Structures are given as structure tokens and as C-alpha cells.
Amino acid sequence: MKLSLEPDPAPAPVNNTPTVLEGIVRQRCLSATYNRTRMILAPHILYTRHGALYVDGVVVSREGMLPREEKVGTFKLDGLKDLTVLERAFEISTLYDAGLEKYQGETLMAVEPGAAAAS
């Protein structure tokens, strides 16, 4: 048996961008793990900040429980694990404000109010 002193290669990074884009365009929820917490997320916008990708969305459920109140959260895309698009549609939250300064010139994709959810 030969022992190697070289460290194991780091796992290749997962590109979650297409999954998030599909969720936004089709207005479908995403199943994900974020900070070791399983959740269902309604993605509203994908944007950049300081060179990193972020998604803002509403948590529909966290560890199978409904949140106490609806709010738009910010999630670093690199932190979302086991990301999949669900067939569960969502309505655009009234709390979502596409006009926020943090999105200006940084938005890659966002839900469009008035657009019907694509099937």
C-alpha cells in the first residue's frame, strides 16, 4: 500500500446557476440545503455583489416547517447545496422590490410581475 502525501483534490464546484435561472423563469420553487438546513425557496432574483452570485427569495419551508413570517432572504449561490427545481409554482411576493439599489446594474435574472408562470 502506497501512501500519498498529496492532499485529496478538492471536489469540483457545482454550477447552480442554471438551476436557479430555471426556477426564476418558470416561477418554480427550489429545494436546497443552506447552512446544513433543508429548505424550499421561491427564487425571485439572481444578482452579483462583490463578484459573487446571490439569490434573493422567500423561504417557503425550513426543515419541513412553515416560517413564522414571510420575508425575502439573501442566499450566496455557492452556499446552496443539493439544489433542485420542484414542480411547485410560486407567486411573486409583495415584499420583493426589484427597484432596490443593491440590484441596480447587478441583476442577471429576475421574476417579472404580471408574467404568468411558465409550465
# chains A, B, ... in the order shown; residues from 1 in each chain; ligands from 1
$ select_by_dssp --residues "stretch 28-66 of chain A" --states "strand (DSSP E or B)" --output "number ranges by chain"
A: 28-34, 37-49, 52-62, 65
$ residues_around --residues "A:Gly57" --least-positions-apart "2" --cutoff "7 Å" --atoms "only C-alpha atoms" --output "MDAnalysis selection string"
chainID A and resid 41:45 55 59 72:74
$ closest_residue --among "A:Ser61, A:Ser93, A:Thr37, A:Thr107" --to "A:Leu21" --atoms "only C-alpha atoms"
A:Thr107
$ atom_distance --atom1 "atom CA of A:Lys102" --atom2 "atom CA of A:Thr33"
24.6 Å
$ residues_around --residues "A:Gly79" --least-positions-apart "4" --cutoff "9 Å" --atoms "only C-alpha atoms" --output "VMD selection string"
chain A and resid 33 to 35 75
$ write_last_selection --atoms "N, CA and C atoms" --output "mmCIF file, in the first residue's frame"
data_model
loop_
_atom_site.group_PDB
_atom_site.id
_atom_site.type_symbol
_atom_site.label_atom_id
_atom_site.label_comp_id
_atom_site.auth_asym_id
_atom_site.auth_seq_id
_atom_site.Cartn_x
_atom_site.Cartn_y
_atom_site.Cartn_z
ATOM 1 N N THR A 33 -30.220 22.872 0.403
ATOM 2 C CA THR A 33 -29.662 22.876 1.746
ATOM 3 C C THR A 33 -28.792 24.116 1.842
ATOM 4 N N TYR A 34 -29.012 24.911 2.880
ATOM 5 C CA TYR A 34 -28.228 26.130 3.095
ATOM 6 C C TYR A 34 -27.831 26.153 4.565
ATOM 7 N N ASN A 35 -26.539 26.220 4.827
ATOM 8 C CA ASN A 35 -26.033 26.156 6.202
ATOM 9 C C ASN A 35 -26.588 24.933 6.934
ATOM 10 N N PHE A 75 -29.267 34.683 -0.223
ATOM 11 C CA PHE A 75 -28.502 33.452 -0.135
ATOM 12 C C PHE A 75 -27.355 33.493 -1.128
#
$ closest_residue --among "A:Asn15, A:Gly105, A:Ile40, A:Val25" --to "A:Arg88" --atoms "only C-alpha atoms"
A:Ile40
$ atom_distance --atom1 "atom CA of A:Glu106" --atom2 "atom CA of A:Arg26"
20.9 Å
$ closest_residue --among "A:Glu70, A:Glu87, A:Asp56, A:Asp82" --to "A:Leu100" --atoms "only C-alpha atoms"
A:Asp56
$ select_by_dssp --residues "stretch 51-117 of chain A" --states "helix (DSSP H, G or I)" --output "list of chain:residue names"
A:Leu77, A:Asp78, A:Gly79, A:Glu101, A:Lys102, A:Tyr103
$ closest_residue --among "A:Leu66, A:Met109, A:Ala98, A:Ala89" --to "A:Met39" --atoms "only C-alpha atoms"
A:Leu66
$ atom_distance --atom1 "atom CA of A:Asn16" --atom2 "atom CA of A:Tyr54"
10.9 Å
$ residues_around --residues "A:Leu83" --least-positions-apart "3" --cutoff "9 Å" --atoms "only C-alpha atoms" --output "PyMOL selection string"
chain A and resi 16+19-20+30-33+80
$ write_last_selection --atoms "N, CA, C and O atoms" --output "PDB file, in the first residue's frame"
ATOM      1  N   ASN A  16     -24.644  25.952  -9.846  1.00  0.00           N
ATOM      2  CA  ASN A  16     -26.069  26.004  -9.544  1.00  0.00           C
ATOM      3  C   ASN A  16     -26.811  27.064 -10.356  1.00  0.00           C
ATOM      4  O   ASN A  16     -28.027  27.151 -10.279  1.00  0.00           O
ATOM      5  N   THR A  19     -29.864  26.037 -12.569  1.00  0.00           N
ATOM      6  CA  THR A  19     -31.000  25.599 -11.750  1.00  0.00           C
ATOM      7  C   THR A  19     -31.763  26.788 -11.200  1.00  0.00           C
ATOM      8  O   THR A  19     -32.997  26.829 -11.238  1.00  0.00           O
ATOM      9  N   VAL A  20     -31.034  27.779 -10.680  1.00  0.00           N
ATOM     10  CA  VAL A  20     -31.674  28.983 -10.140  1.00  0.00           C
ATOM     11  C   VAL A  20     -32.371  29.754 -11.258  1.00  0.00           C
ATOM     12  O   VAL A  20     -33.502  30.220 -11.086  1.00  0.00           O
ATOM     13  N   LEU A  30     -37.385  25.986  -5.398  1.00  0.00           N
ATOM     14  CA  LEU A  30     -36.155  25.204  -5.364  1.00  0.00           C
ATOM     15  C   LEU A  30     -36.063  24.480  -4.035  1.00  0.00           C
ATOM     16  O   LEU A  30     -36.390  25.048  -2.994  1.00  0.00           O
ATOM     17  N   SER A  31     -35.594  23.246  -4.071  1.00  0.00           N
ATOM     18  CA  SER A  31     -35.256  22.516  -2.858  1.00  0.00           C
ATOM     19  C   SER A  31     -33.752  22.652  -2.692  1.00  0.00           C
ATOM     20  O   SER A  31     -33.003  22.471  -3.657  1.00  0.00           O
ATOM     21  N   ALA A  32     -33.303  22.996  -1.492  1.00  0.00           N
ATOM     22  CA  ALA A  32     -31.876  23.226  -1.274  1.00  0.00           C
ATOM     23  C   ALA A  32     -31.510  23.001   0.180  1.00  0.00           C
ATOM     24  O   ALA A  32     -32.365  22.968   1.063  1.00  0.00           O
ATOM     25  N   THR A  33     -30.220  22.872   0.403  1.00  0.00           N
ATOM     26  CA  THR A  33     -29.662  22.876   1.746  1.00  0.00           C
ATOM     27  C   THR A  33     -28.792  24.116   1.842  1.00  0.00           C
ATOM     28  O   THR A  33     -27.955  24.362   0.966  1.00  0.00           O
ATOM     29  N   LEU A  80     -25.631  27.244  -1.517  1.00  0.00           N
ATOM     30  CA  LEU A  80     -26.797  26.391  -1.756  1.00  0.00           C
ATOM     31  C   LEU A  80     -26.327  25.032  -2.245  1.00  0.00           C
ATOM     32  O   LEU A  80     -25.646  24.931  -3.267  1.00  0.00           O
TER      33      LEU A  80
END
$ closest_residue --among "A:Leu53, A:Leu46, A:Leu95, A:Ala110" --to "A:Lys71" --atoms "only C-alpha atoms"
A:Leu95
